[in-house]
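S.K.: Got a structure for you, input.csv, holding CSV, C-alpha atoms.
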chain,number,residue,atom,x,y,z
L,273,MET,CA,-132.1,-201.4,-43.9
L,274,SER,CA,-133.0,-197.8,-43.6
L,275,ASP,CA,-136.4,-196.4,-42.5
L,276,GLU,CA,-136.8,-194.9,-46.0
L,277,SER,CA,-137.0,-198.3,-47.7
L,278,GLN,CA,-139.5,-199.7,-45.2
L,279,PRO,CA,-143.0,-198.4,-44.6
L,280,ILE,CA,-143.3,-196.4,-41.4
L,281,HIS,CA,-145.4,-198.0,-38.7
L,282,PRO,CA,-148.5,-195.8,-38.0
L,283,ARG,CA,-147.8,-196.0,-34.3
L,284,LYS,CA,-144.3,-194.6,-34.9
L,285,LEU,CA,-145.9,-191.5,-36.6
L,286,GLU,CA,-148.4,-191.2,-33.7
L,287,ILE,CA,-145.5,-191.1,-31.3
L,288,VAL,CA,-143.8,-188.5,-33.3
L,289,ASP,CA,-146.9,-186.4,-33.6
L,290,ALA,CA,-147.4,-186.6,-29.8
L,291,ALA,CA,-143.7,-185.7,-29.2
L,292,VAL,CA,-144.0,-182.7,-31.5
L,293,THR,CA,-147.1,-181.5,-29.6
L,294,CYS,CA,-145.3,-181.9,-26.3
L,295,PHE,CA,-142.1,-180.1,-27.6
L,296,LEU,CA,-144.2,-177.2,-28.9
L,297,GLU,CA,-146.3,-176.9,-25.7
L,298,ASN,CA,-143.6,-177.5,-23.1
L,299,GLY,CA,-140.2,-177.4,-24.8
L,300,TYR,CA,-137.9,-180.2,-25.6
L,301,HIS,CA,-136.0,-180.2,-22.3
L,302,GLN,CA,-139.2,-180.0,-20.2
L,303,THR,CA,-140.7,-182.9,-22.1
L,304,GLY,CA,-140.1,-186.4,-20.8
L,305,VAL,CA,-140.9,-189.8,-22.4
L,306,ARG,CA,-143.8,-190.2,-20.0
L,307,ASP,CA,-145.3,-186.9,-21.3
L,308,ILE,CA,-145.0,-188.2,-24.8
L,309,VAL,CA,-146.7,-191.6,-24.0
L,310,ARG,CA,-149.5,-189.8,-22.2
L,311,GLN,CA,-150.0,-187.5,-25.2
L,312,ALA,CA,-150.0,-190.5,-27.6
L,313,GLY,CA,-152.2,-192.6,-25.4
L,314,ILE,CA,-149.8,-195.5,-25.4
L,315,SER,CA,-147.7,-197.4,-22.9
L,316,LEU,CA,-144.1,-196.7,-22.1
L,317,GLY,CA,-143.2,-200.1,-23.5
L,318,ASN,CA,-144.9,-199.3,-26.8
L,319,LEU,CA,-142.8,-196.1,-27.2
L,320,TYR,CA,-139.6,-198.1,-26.5
L,321,ASN,CA,-140.7,-200.7,-29.2
L,322,HIS,CA,-140.3,-197.9,-31.7
L,323,PHE,CA,-137.7,-195.5,-30.2
L,324,LYS,CA,-134.8,-195.8,-27.8
L,325,GLY,CA,-135.8,-192.6,-26.1
L,326,LYS,CA,-136.6,-188.9,-26.6
L,327,GLU,CA,-133.4,-188.2,-28.5
L,328,ALA,CA,-134.2,-191.0,-31.0
L,329,ILE,CA,-137.5,-189.4,-31.6
L,330,LEU,CA,-135.8,-186.1,-32.4
L,331,GLU,CA,-133.4,-187.8,-34.7
L,332,PHE,CA,-136.5,-189.3,-36.5
L,333,ILE,CA,-138.0,-185.8,-36.8
L,334,ALA,CA,-134.7,-184.8,-38.5
L,335,GLU,CA,-135.3,-187.6,-41.1
L,336,ILE,CA,-138.8,-186.2,-41.7
L,337,GLU,CA,-137.4,-182.7,-42.0
L,338,GLY,CA,-134.9,-184.1,-44.6
L,339,GLN,CA,-137.8,-185.5,-46.6
L,340,GLU,CA,-139.7,-182.2,-46.4
L,341,LEU,CA,-136.6,-180.2,-47.5
L,342,SER,CA,-135.9,-182.6,-50.4
L,343,ASP,CA,-138.5,-180.9,-52.5
L,344,PHE,CA,-136.7,-177.6,-52.1
L,345,ILE,CA,-133.3,-179.2,-52.7
L,346,ASP,CA,-134.4,-181.1,-55.8
L,347,ARG,CA,-135.9,-178.0,-57.3
L,348,LEU,CA,-132.9,-175.8,-56.5
L,349,THR,CA,-130.6,-178.4,-58.0
L,350,ALA,CA,-132.6,-179.1,-61.2
L,351,ASN,CA,-133.0,-175.5,-62.3
L,352,ASP,CA,-132.6,-174.0,-65.8
L,353,ASP,CA,-133.9,-170.6,-64.7
L,354,ALA,CA,-131.9,-169.6,-61.6
L,355,ARG,CA,-133.8,-166.3,-61.1
L,356,GLY,CA,-137.2,-168.0,-61.4
L,357,THR,CA,-136.1,-170.8,-59.1
L,358,LEU,CA,-134.8,-168.4,-56.5
L,359,GLU,CA,-138.0,-166.4,-56.6
L,360,TRP,CA,-140.0,-169.6,-56.1
L,361,PHE,CA,-137.7,-170.7,-53.3
L,362,ILE,CA,-137.9,-167.4,-51.4
L,363,GLN,CA,-141.7,-167.5,-51.5
L,364,ASP,CA,-142.2,-171.2,-50.7
L,365,TYR,CA,-139.5,-171.5,-48.1
L,366,ALA,CA,-140.6,-168.4,-46.4
L,367,ALA,CA,-144.1,-169.9,-46.1
L,368,TYR,CA,-142.7,-173.2,-44.8
L,369,VAL,CA,-140.6,-171.6,-42.1
L,370,ALA,CA,-143.3,-169.1,-41.2
L,371,LEU,CA,-145.7,-171.9,-40.2
L,372,PRO,CA,-145.9,-171.5,-36.4
L,373,GLU,CA,-145.2,-175.2,-35.7
L,374,ASN,CA,-142.1,-175.1,-38.0
L,375,ALA,CA,-140.8,-171.9,-36.5
L,376,LEU,CA,-141.3,-172.9,-32.9
L,377,LEU,CA,-140.0,-176.5,-33.4
L,378,GLY,CA,-137.0,-174.9,-35.2
L,379,VAL,CA,-136.2,-172.9,-32.1
L,380,GLU,CA,-136.5,-176.1,-29.9
L,381,ILE,CA,-134.2,-178.0,-32.2
L,382,LEU,CA,-131.7,-175.2,-32.4
L,383,THR,CA,-131.4,-174.9,-28.6
L,384,GLU,CA,-131.0,-178.7,-28.3
L,385,ALA,CA,-128.5,-178.8,-31.1
L,386,LEU,CA,-126.4,-176.2,-29.2
L,387,ARG,CA,-126.2,-178.7,-26.2
L,388,ASN,CA,-126.1,-182.0,-28.1
L,389,PRO,CA,-123.6,-182.7,-30.8
L,390,THR,CA,-125.6,-185.7,-32.1
L,391,ILE,CA,-128.7,-183.6,-32.7
L,392,ALA,CA,-126.5,-180.8,-34.2
L,393,ASP,CA,-125.0,-183.3,-36.6
L,394,VAL,CA,-128.3,-184.9,-37.7
L,395,PHE,CA,-130.1,-181.6,-38.3
L,396,GLY,CA,-126.9,-180.0,-39.6
L,397,ARG,CA,-126.8,-182.5,-42.5
L,398,ASN,CA,-130.2,-181.3,-43.6
L,399,ARG,CA,-129.2,-177.7,-43.4
L,400,ASN,CA,-125.9,-178.4,-45.3
L,401,LYS,CA,-127.8,-180.0,-48.2
L,402,LEU,CA,-130.1,-177.0,-48.4
L,403,ILE,CA,-127.3,-174.5,-48.2
L,404,SER,CA,-125.3,-176.4,-50.9
L,405,SER,CA,-128.3,-176.5,-53.2
L,406,LEU,CA,-129.1,-172.8,-52.7
L,407,SER,CA,-125.4,-172.0,-53.2
L,408,ASP,CA,-125.4,-174.0,-56.4
L,409,CYS,CA,-128.5,-172.1,-57.7
L,410,ILE,CA,-126.8,-168.8,-57.0
L,411,SER,CA,-123.6,-169.9,-58.8
L,412,GLN,CA,-125.6,-171.2,-61.7
L,413,GLY,CA,-127.4,-167.9,-61.9
L,414,ALA,CA,-124.0,-166.1,-62.1
L,415,LYS,CA,-122.9,-168.5,-64.9
L,416,SER,CA,-126.0,-167.8,-66.9
L,417,GLY,CA,-125.8,-164.0,-66.4
L,418,ALA,CA,-128.9,-163.7,-64.2
L,419,PHE,CA,-126.9,-162.9,-61.1
L,420,ILE,CA,-123.7,-161.1,-60.4
L,421,LEU,CA,-120.8,-163.4,-59.5
L,422,GLN,CA,-120.5,-164.0,-55.8
L,423,SER,CA,-117.1,-164.6,-54.2
L,424,GLU,CA,-118.8,-166.6,-51.4
L,425,PRO,CA,-122.1,-168.0,-52.7
L,426,ARG,CA,-122.4,-170.3,-49.7
L,427,ALA,CA,-122.2,-167.3,-47.4
L,428,VAL,CA,-125.0,-165.6,-49.5
L,429,ALA,CA,-127.1,-168.8,-49.2
L,430,TYR,CA,-126.7,-168.7,-45.4
L,431,LEU,CA,-127.8,-165.0,-45.4
L,432,ILE,CA,-130.9,-165.8,-47.4
L,433,LEU,CA,-131.9,-168.6,-45.1
L,434,ASP,CA,-131.2,-166.4,-42.0
L,435,ALA,CA,-133.4,-163.7,-43.5
L,436,LEU,CA,-136.3,-166.0,-44.3
L,437,GLU,CA,-136.1,-168.0,-41.0
L,438,GLY,CA,-135.7,-164.8,-39.0
L,439,ARG,CA,-138.9,-163.5,-40.5
L,440,GLY,CA,-140.6,-166.8,-39.6
L,441,LEU,CA,-139.5,-166.4,-36.0
L,442,ARG,CA,-140.5,-162.8,-35.8
L,443,ASN,CA,-144.0,-163.7,-36.9
L,444,LEU,CA,-144.3,-166.0,-33.8
L,445,SER,CA,-144.2,-162.9,-31.6
L,446,ALA,CA,-146.0,-160.5,-33.9
L,447,THR,CA,-149.3,-159.2,-32.7
L,448,SER,CA,-150.5,-159.0,-36.3
L,449,GLU,CA,-149.6,-160.9,-39.4
L,450,ASP,CA,-146.6,-159.4,-41.2
L,451,THR,CA,-147.7,-159.4,-44.9
L,452,SER,CA,-145.2,-156.9,-46.4
L,453,SER,CA,-141.8,-158.1,-45.2
L,454,GLY,CA,-141.9,-161.2,-47.4
L,455,ASP,CA,-142.0,-159.0,-50.5
L,456,ALA,CA,-139.4,-156.7,-49.1
L,457,ILE,CA,-137.0,-159.6,-48.4
L,458,SER,CA,-137.6,-161.1,-51.8
L,459,SER,CA,-137.0,-157.8,-53.5
L,460,PHE,CA,-133.9,-157.1,-51.4
L,461,ILE,CA,-132.4,-160.6,-52.2
L,462,LEU,CA,-133.2,-160.5,-55.9
L,463,LYS,CA,-132.0,-156.9,-56.5
L,464,GLY,CA,-128.8,-157.7,-54.5
L,465,LEU,CA,-128.0,-160.6,-56.8
L,466,SER,CA,-129.1,-159.1,-60.1
L,467,ALA,CA,-126.6,-158.6,-62.7
Write out the structure in this file as structure tokens.
M.R.:
Amino acid sequence: MSDESQPIHPRKLEIVDAAVTCFLENGYHQTGVRDIVRQAGISLGNLYNHFKGKEAILEFIAEIEGQELSDFIDRLTANDDARGTLEWFIQDYAAYVALPENALLGVEILTEALRNPTIADVFGRNRNKLISSLSDCISQGAKSGAFILQSEPRAVAYLILDALEGRGLRNLSATSEDTSSGDAISSFILKGLSA
């Protein structure tokens, strides 16, 4: 039975929260299970009651990410106004990926995914669902006449995510909050797709 159909044990969520804190403060590779249990205030045995190890915690974080992304995916899929839906997506997804904890954790996950095919696969499934939904929205917009026909809507979807996620990462190192680039990115994307 999957974790989705069973309630999640509160201790499991405490462990995940502690792990995320450790990953954000020290990096995934520099964090050991002992760091996580110390942060969570639990015993090593208690962690192993819920997870096989650090990689299993990261896989569970991927499940949580999948649940968070499901709102974006559902809305992109069930659209009858592709332009309005894409405007909403650009604004809300940009805000989601600009949260410092999401941007920094995204970097940690990406670097681990480059080394670990299992992690790449788990997080890659989430990304593929999001890319497919965004690509479908772009194609739907072309069918309705809101957007110009794209020969590679999936490639356009990747470019949109890259622009939004890149802005989120750039904000991590910015000395002041970047308030204008979001509007510029949105305008650039929508004008580029407009029929």
S.K.: Just the residues within 12 Å of Gly396 in chain L, please, counting all atoms listed in the file, with nothing from its chain fewer than 4 positions along; format it as a VMD selection string.
M.R.: chain L and resid 331 334 to 335 337 to 338 381 to 382 385 to 386 388 to 392 400 to 404
S.K.: Quick check, in Å to one decimal: how far apart do CA of Ala414 in chain L and CA of Tyr365 in chain L lie?
M.R.: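 Atom-to-atom, CA of Ala414 in chain L and CA of Tyr365 in chain L are spaced 21.6 Å apart.
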S.K.: Produce a table with one row for each residue of range 324-402 of chain L that has an atom at most 9 Å from any atom of range 294-309 of chain L, each row naming the nearest atom pair and its distance in Å at one decimal; use all atoms listed in the file; arrange rows by chain and rising residue number; format as JSON lines.
M.R.:
{"residue": "L:Gly325", "atom": "CA", "partner": "L:Val305", "partner_atom": "CA", "distance": 6.9}
{"residue": "L:Lys326", "atom": "CA", "partner": "L:Val305", "partner_atom": "CA", "distance": 6.1}
{"residue": "L:Glu373", "atom": "CA", "partner": "L:Leu296", "partner_atom": "CA", "distance": 7.2}
{"residue": "L:Leu376", "atom": "CA", "partner": "L:Leu296", "partner_atom": "CA", "distance": 6.5}
{"residue": "L:Leu377", "atom": "CA", "partner": "L:Leu296", "partner_atom": "CA", "distance": 6.2}
{"residue": "L:Glu380", "atom": "CA", "partner": "L:Tyr300", "partner_atom": "CA", "distance": 6.1}
{"residue": "L:Ile381", "atom": "CA", "partner": "L:Tyr300", "partner_atom": "CA", "distance": 7.9}
{"residue": "L:Thr383", "atom": "CA", "partner": "L:Tyr300", "partner_atom": "CA", "distance": 8.9}
{"residue": "L:Glu384", "atom": "CA", "partner": "L:Tyr300", "partner_atom": "CA", "distance": 7.6}
S.K.: Could you list, as a ChimeraX atom specification, every residue within 12 Å of Asp434 in chain L, counting all atoms listed in the file and ignoring same-chain residues fewer than 4 positions away?
M.R.: /L:362,365-366,369,399,403,427-430,438-442,457,461
S.K.: Go through L:Ile280, L:Asp455, L:Ala435, L:Asn398 one by one, measure the shortest atom-to-atom distance of each to Ser342 in chain L using all atoms listed in the file, and give the residue with the smallest value.
M.R.: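 Distance minimum relative to Ser342 in chain L lands on L:Asn398.
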S.K.: Report as a PyMOL selection string all protein, DNA and RNA residues lying within 7 Å of Gln412 in chain L, evaluated on only C-alpha atoms, omitting residues in the same chain fewer than 4 positions from it.
M.R.: chain L and resi 354+408+416
S.K.: Check the smallest atom-to-atom distance from each of L:Ile287, L:Ala370, L:Ile333, L:Val292 to Val394 in chain L using only C-alpha atoms, then report the winner.
M.R.: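 The answer is L:Ile333, which sits nearest to Val394 in chain L.
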